[in-house]
>>> print(open('coords-v8.cif').read())   # mmCIF, C-alpha atoms
data_input
loop_
_atom_site.label_atom_id
_atom_site.label_comp_id
_atom_site.auth_asym_id
_atom_site.auth_seq_id
_atom_site.Cartn_x
_atom_site.Cartn_y
_atom_site.Cartn_z
CA MET A 1 23.35 136.69 -121.46
CA ILE A 2 20.05 134.97 -120.63
CA ARG A 3 20.06 136.68 -117.25
CA MET A 4 20.43 140.08 -118.95
CA VAL A 5 17.56 139.38 -121.35
CA ILE A 6 15.34 138.40 -118.40
CA GLY A 7 16.55 141.42 -116.42
CA SER A 8 15.82 143.70 -119.35
CA LEU A 9 12.31 142.26 -119.56
CA ALA A 10 11.83 143.02 -115.85
CA GLY A 11 13.30 146.49 -116.44
CA ALA A 12 10.87 147.03 -119.31
CA VAL A 13 7.97 146.14 -117.02
CA ALA A 14 9.18 148.75 -114.51
CA MET A 15 9.58 151.26 -117.35
CA PHE A 16 6.09 150.45 -118.62
CA VAL A 17 4.50 151.00 -115.20
CA VAL A 18 6.29 154.32 -114.63
CA GLY A 19 5.49 155.41 -118.20
CA PHE A 20 1.84 154.50 -117.68
CA LEU A 21 1.71 156.71 -114.59
CA PHE A 22 3.28 159.68 -116.40
CA PHE A 23 1.68 159.38 -119.84
CA ALA A 24 -1.58 157.40 -119.56
CA THR A 25 -3.22 158.85 -116.45
CA PRO A 26 -4.61 162.32 -115.73
CA LEU A 27 -1.13 163.19 -114.42
CA GLN A 28 -0.19 163.80 -118.07
CA LEU A 29 -2.32 166.95 -118.00
CA VAL A 30 0.43 168.62 -115.94
CA GLY A 31 2.50 168.83 -119.13
CA LEU A 32 -0.22 169.48 -121.69
CA SER A 33 -1.97 172.64 -122.75
CA THR A 34 -5.60 172.21 -123.70
CA ALA A 35 -8.21 174.06 -125.73
CA GLY A 36 -11.95 173.67 -125.44
CA ASP A 37 -14.12 171.41 -127.55
CA ALA A 38 -15.11 174.12 -130.06
CA PRO A 39 -11.52 175.29 -130.75
CA ASN A 40 -10.39 171.65 -130.97
CA ALA A 41 -13.07 170.87 -133.56
CA ALA A 42 -12.20 174.00 -135.60
CA ILE A 43 -8.47 173.18 -135.53
CA GLN A 44 -9.15 169.56 -136.49
CA VAL A 45 -11.17 170.70 -139.52
CA ALA A 46 -8.45 173.19 -140.50
CA LEU A 47 -5.77 170.48 -140.22
CA ALA A 48 -7.77 168.05 -142.37
CA GLN A 49 -8.42 170.74 -145.00
CA ASN A 50 -4.87 172.08 -145.19
CA LEU A 51 -2.31 169.37 -144.47
CA PRO A 52 -1.70 166.77 -147.17
CA GLY A 53 -1.06 163.79 -144.88
CA THR A 54 0.58 162.40 -141.79
CA GLY A 55 3.80 164.21 -140.90
CA THR A 56 5.42 166.87 -138.76
CA TYR A 57 4.78 170.36 -140.05
CA VAL A 58 6.30 173.73 -139.16
CA VAL A 59 3.50 176.27 -139.57
CA PRO A 60 4.17 178.59 -141.27
CA SER A 61 7.20 177.16 -143.04
CA PRO A 62 10.14 179.58 -142.77
CA MET A 63 11.70 178.05 -145.92
CA THR A 64 10.10 180.54 -148.28
CA ALA A 65 10.32 184.35 -148.19
CA PRO A 66 6.59 184.84 -147.39
CA GLY A 67 6.71 181.98 -144.87
CA ALA A 68 9.75 183.49 -143.14
CA VAL A 69 7.89 186.78 -142.69
CA LEU A 70 4.84 185.00 -141.26
CA TYR A 71 7.09 182.86 -139.04
CA GLY A 72 8.75 185.99 -137.67
CA LYS A 73 5.40 187.62 -136.88
CA GLY A 74 3.83 184.53 -135.25
CA PRO A 75 1.90 182.64 -134.16
CA ILE A 76 3.89 179.55 -135.10
CA ALA A 77 3.42 175.85 -134.46
CA VAL A 78 5.09 172.51 -134.95
CA VAL A 79 2.26 170.12 -135.68
CA HIS A 80 2.71 166.38 -135.27
CA TYR A 81 -0.15 165.38 -137.53
CA ASN A 82 -1.76 161.97 -137.97
CA SER A 83 -4.38 162.14 -140.68
CA LEU A 84 -5.95 158.81 -139.66
CA GLY A 85 -6.31 159.28 -135.90
CA PHE A 86 -5.83 156.37 -133.51
CA SER A 87 -7.25 154.78 -130.42
CA SER A 88 -5.25 155.56 -127.31
CA SER A 89 -6.42 152.24 -125.86
CA SER A 90 -5.30 150.19 -128.86
CA MET A 91 -3.68 146.91 -127.83
CA ALA A 92 -1.34 147.21 -130.85
CA VAL A 93 -0.05 150.52 -129.44
CA VAL A 94 0.42 148.98 -125.99
CA VAL A 95 2.35 146.01 -127.41
CA ALA A 96 4.50 148.17 -129.71
CA GLY A 97 5.22 150.52 -126.80
CA PHE A 98 6.25 147.65 -124.56
CA VAL A 99 8.54 146.19 -127.24
CA HIS A 100 10.11 149.64 -127.65
CA GLU A 101 10.68 149.83 -123.89
CA TRP A 102 12.16 146.32 -123.82
CA ILE A 103 14.63 147.26 -126.57
CA VAL A 104 15.63 150.36 -124.57
CA ALA A 105 15.96 148.23 -121.42
CA LEU A 106 18.15 145.75 -123.34
CA ILE A 107 20.42 148.59 -124.42
CA LEU A 108 20.60 149.82 -120.82
CA GLY A 109 21.20 146.29 -119.57
CA PHE A 110 24.05 145.58 -121.94
CA ALA A 111 25.61 148.97 -121.19
CA LEU A 112 25.46 148.20 -117.47
CA LEU A 113 26.78 144.68 -118.06
CA GLY A 114 29.71 146.18 -119.98
CA ILE A 115 30.83 148.16 -116.94
CA ALA A 116 29.81 145.63 -114.28
CA GLY A 117 33.36 144.36 -113.76
CA ARG A 118 34.83 147.85 -113.33
CA VAL A 119 31.95 149.58 -111.56
CA THR A 120 31.05 147.06 -108.92
CA ASP A 121 28.94 148.88 -106.36
CA PHE A 122 25.26 149.62 -106.85
CA ALA A 123 25.57 153.33 -105.96
CA SER A 124 28.21 153.96 -108.63
CA ARG A 125 26.21 152.05 -111.24
CA MET A 126 23.14 154.13 -110.39
CA ARG A 127 25.09 157.38 -110.58
CA LEU A 128 26.29 156.48 -114.09
CA LEU A 129 22.84 155.33 -115.15
CA LEU A 130 21.14 158.46 -113.83
CA LEU A 131 23.67 160.82 -115.38
CA PHE A 132 23.36 159.13 -118.78
CA SER A 133 19.55 159.08 -118.45
CA VAL A 134 19.50 162.79 -117.63
CA GLY A 135 21.93 163.61 -120.45
CA ALA A 136 20.14 161.59 -123.12
CA SER A 137 16.71 162.85 -122.06
CA ALA A 138 17.90 166.46 -121.91
CA LEU A 139 19.35 166.26 -125.41
CA THR A 140 16.30 164.70 -126.99
CA LEU A 141 13.57 166.54 -125.11
CA PHE A 142 15.00 170.03 -124.60
CA SER A 143 16.00 170.33 -128.25
CA ASP A 144 12.41 171.10 -129.29
CA PRO A 145 11.86 174.15 -127.07
CA ILE A 146 15.35 175.45 -127.83
CA TRP A 147 15.52 174.90 -131.59
CA MET A 148 11.87 174.61 -132.63
CA HIS A 149 10.45 177.21 -130.19
CA GLN A 150 8.02 174.74 -128.63
CA ASP A 151 6.78 175.03 -125.08
CA TRP A 152 8.98 174.26 -122.08
CA ARG A 153 6.16 172.94 -119.91
CA TYR A 154 5.66 169.75 -121.92
CA ALA A 155 9.41 169.32 -122.51
CA ILE A 156 10.14 169.49 -118.79
CA TYR A 157 7.27 167.12 -117.98
CA SER A 158 8.43 164.63 -120.63
CA PHE A 159 12.00 164.97 -119.38
CA VAL A 160 11.01 164.08 -115.81
CA GLY A 161 8.87 161.17 -117.02
CA SER A 162 11.58 159.84 -119.33
CA VAL A 163 14.31 160.04 -116.69
CA ALA A 164 12.00 158.27 -114.23
CA MET A 165 11.27 155.51 -116.78
CA LEU A 166 14.95 154.98 -117.63
CA ALA A 167 15.92 155.04 -113.95
CA ALA A 168 13.24 152.50 -113.06
CA ALA A 169 14.48 150.07 -115.69
CA GLY A 170 18.12 150.65 -114.76
CA ILE A 171 17.51 150.17 -111.05
CA VAL A 172 15.78 146.84 -111.63
CA ILE A 173 18.55 145.61 -113.92
CA ALA A 174 21.45 146.87 -111.80
CA ARG A 175 19.98 145.68 -108.52
CA TRP A 176 18.88 142.16 -109.42
CA PHE A 177 20.37 141.13 -112.75
CA LEU A 178 24.00 142.26 -112.84
CA PRO A 179 26.77 140.07 -111.51
CA ASN A 180 28.77 141.51 -108.67
CA GLY A 181 32.24 142.75 -109.55
CA SER A 182 34.10 139.74 -108.22
CA THR A 183 32.41 137.31 -110.64
CA VAL A 184 32.80 139.35 -113.83
CA GLN A 185 35.80 138.53 -115.99
#
>>> encode(input="coords-v8.cif", output="structure tokens")
Amino acid sequence: MIRMVIGSLAGAVAMFVVGFLFFATPLQLVGLSTAGDAPNAAIQVALAQNLPGTGTYVVPSPMTAPGAVLYGKGPIAVVHYNSLGFSSSSMAVVVAGFVHEWIVALILGFALLGIAGRVTDFASRMRLLLLFSVGASALTLFSDPIWMHQDWRYAIYSFVGSVAMLAAAGIVIARWFLPNGSTVQ
């Protein structure tokens, strides 16, 4: 148990490093669309004037008859709106993100520990881990472009980054922190 907690911490560090590369460096621009400074300022003013507070908004809302007509004509957007803003270099965000990754690594670690006695070789453990990572990431990240009509570019980028993060954590845990099959009872 202690070994798994330590292994999950090491896995979370690997996940953090891979996540940093994908989502905190200029590499993230591969998945993002950008507008210029003037359109950004105009959109920010329009958001502040028209949205009541932090939330995720479908614009226009198809839940009313006039909104459904506007939604059908386009343009449409799903806006993840934070009315307060935030600092991307906030230490609180970094710590909360790392704790989140450690919890995910713990879940991965205990799942791998649960099969360690039956799936004893590293290659088979990795195959299971990668398939579950791909499946979970595909469900969560491809749902938005399919159901909410969001862009595929960011979804695919996030999918690749998420699978890489999960795989990094899983590889660390499976390689160095799981017992071999002969010692698991």
>>> resolve_selection(input="coords-v8.cif", expression="the PyMOL selection byres ((chain A and resi 62) around 12)", output="number ranges by chain")
A: 57-61, 63-74, 76-78, 148
>>> resolve_selection(input="coords-v8.cif", expression="the PyMOL selection byres ((chain A and resi 2) around 12)", output="PyMOL selection string")
chain A and resi 1+3-9+106+109-110+177-178
>>> resolve_selection(input="coords-v8.cif", expression="the PyMOL selection byres ((chain A and resi 81-93) around 10)", output="PyMOL selection string")
chain A and resi 24+44+47-48+51-57+78-80+94-99
>>> closest_residue(input="coords-v8.cif", among="A:Ala155, A:Ile43, A:Met15, A:Val163", to="Leu129 in chain A", atoms="only C-alpha atoms")
A:Val163
>>> residues_around(input="coords-v8.cif", residues="Pro179 in chain A", least_positions_apart="4", cutoff="10 Å", atoms="all atoms listed in the file", output="list of chain:residue names")
A:Arg3, A:Met4, A:Leu113, A:Ala116, A:Gly117, A:Thr120, A:Ala174, A:Arg175, A:Thr183, A:Val184
>>> closest_residue(input="coords-v8.cif", among="A:Ala105, A:Leu112, A:Gly135, A:Asp144", to="Ala14 in chain A", atoms="all atoms listed in the file")
A:Ala105
>>> closest_residue(input="coords-v8.cif", among="A:Asp37, A:Ile103, A:Phe159, A:Ala123", to="Leu139 in chain A", atoms="all atoms listed in the file")
A:Phe159
>>> atom_distance(input="coords-v8.cif", atom1="CA of Ile156 in chain A", atom2="CA of Gly19 in chain A")
14.8 Å
>>> atom_distance(input="coords-v8.cif", atom1="CA of Ala169 in chain A", atom2="CA of Ala136 in chain A")
14.8 Å
>>> residues_around(input="coords-v8.cif", residues="Thr34 in chain A", least_positions_apart="6", cutoff="12 Å", atoms="only C-alpha atoms", output="PDB file with C-alpha atoms, keeping the file's coordinate frame")
ATOM      1  CA  GLN A  28      -0.190 163.800-118.070  1.00  0.00           C
ATOM      2  CA  ASN A  40     -10.390 171.650-130.970  1.00  0.00           C
ATOM      3  CA  TYR A 154       5.660 169.750-121.920  1.00  0.00           C
TER       4      TYR A 154
END
>>> atom_distance(input="coords-v8.cif", atom1="CA of Gln150 in chain A", atom2="CA of Ala138 in chain A")
14.5 Å
>>> closest_residue(input="coords-v8.cif", among="A:Thr140, A:Asn180, A:Ile171, A:Phe22", to="Ala10 in chain A", atoms="all atoms listed in the file")
A:Ile171
>>> closest_residue(input="coords-v8.cif", among="A:Leu32, A:Ala46, A:Leu130, A:Leu21", to="Leu166 in chain A", atoms="only C-alpha atoms")
A:Leu130
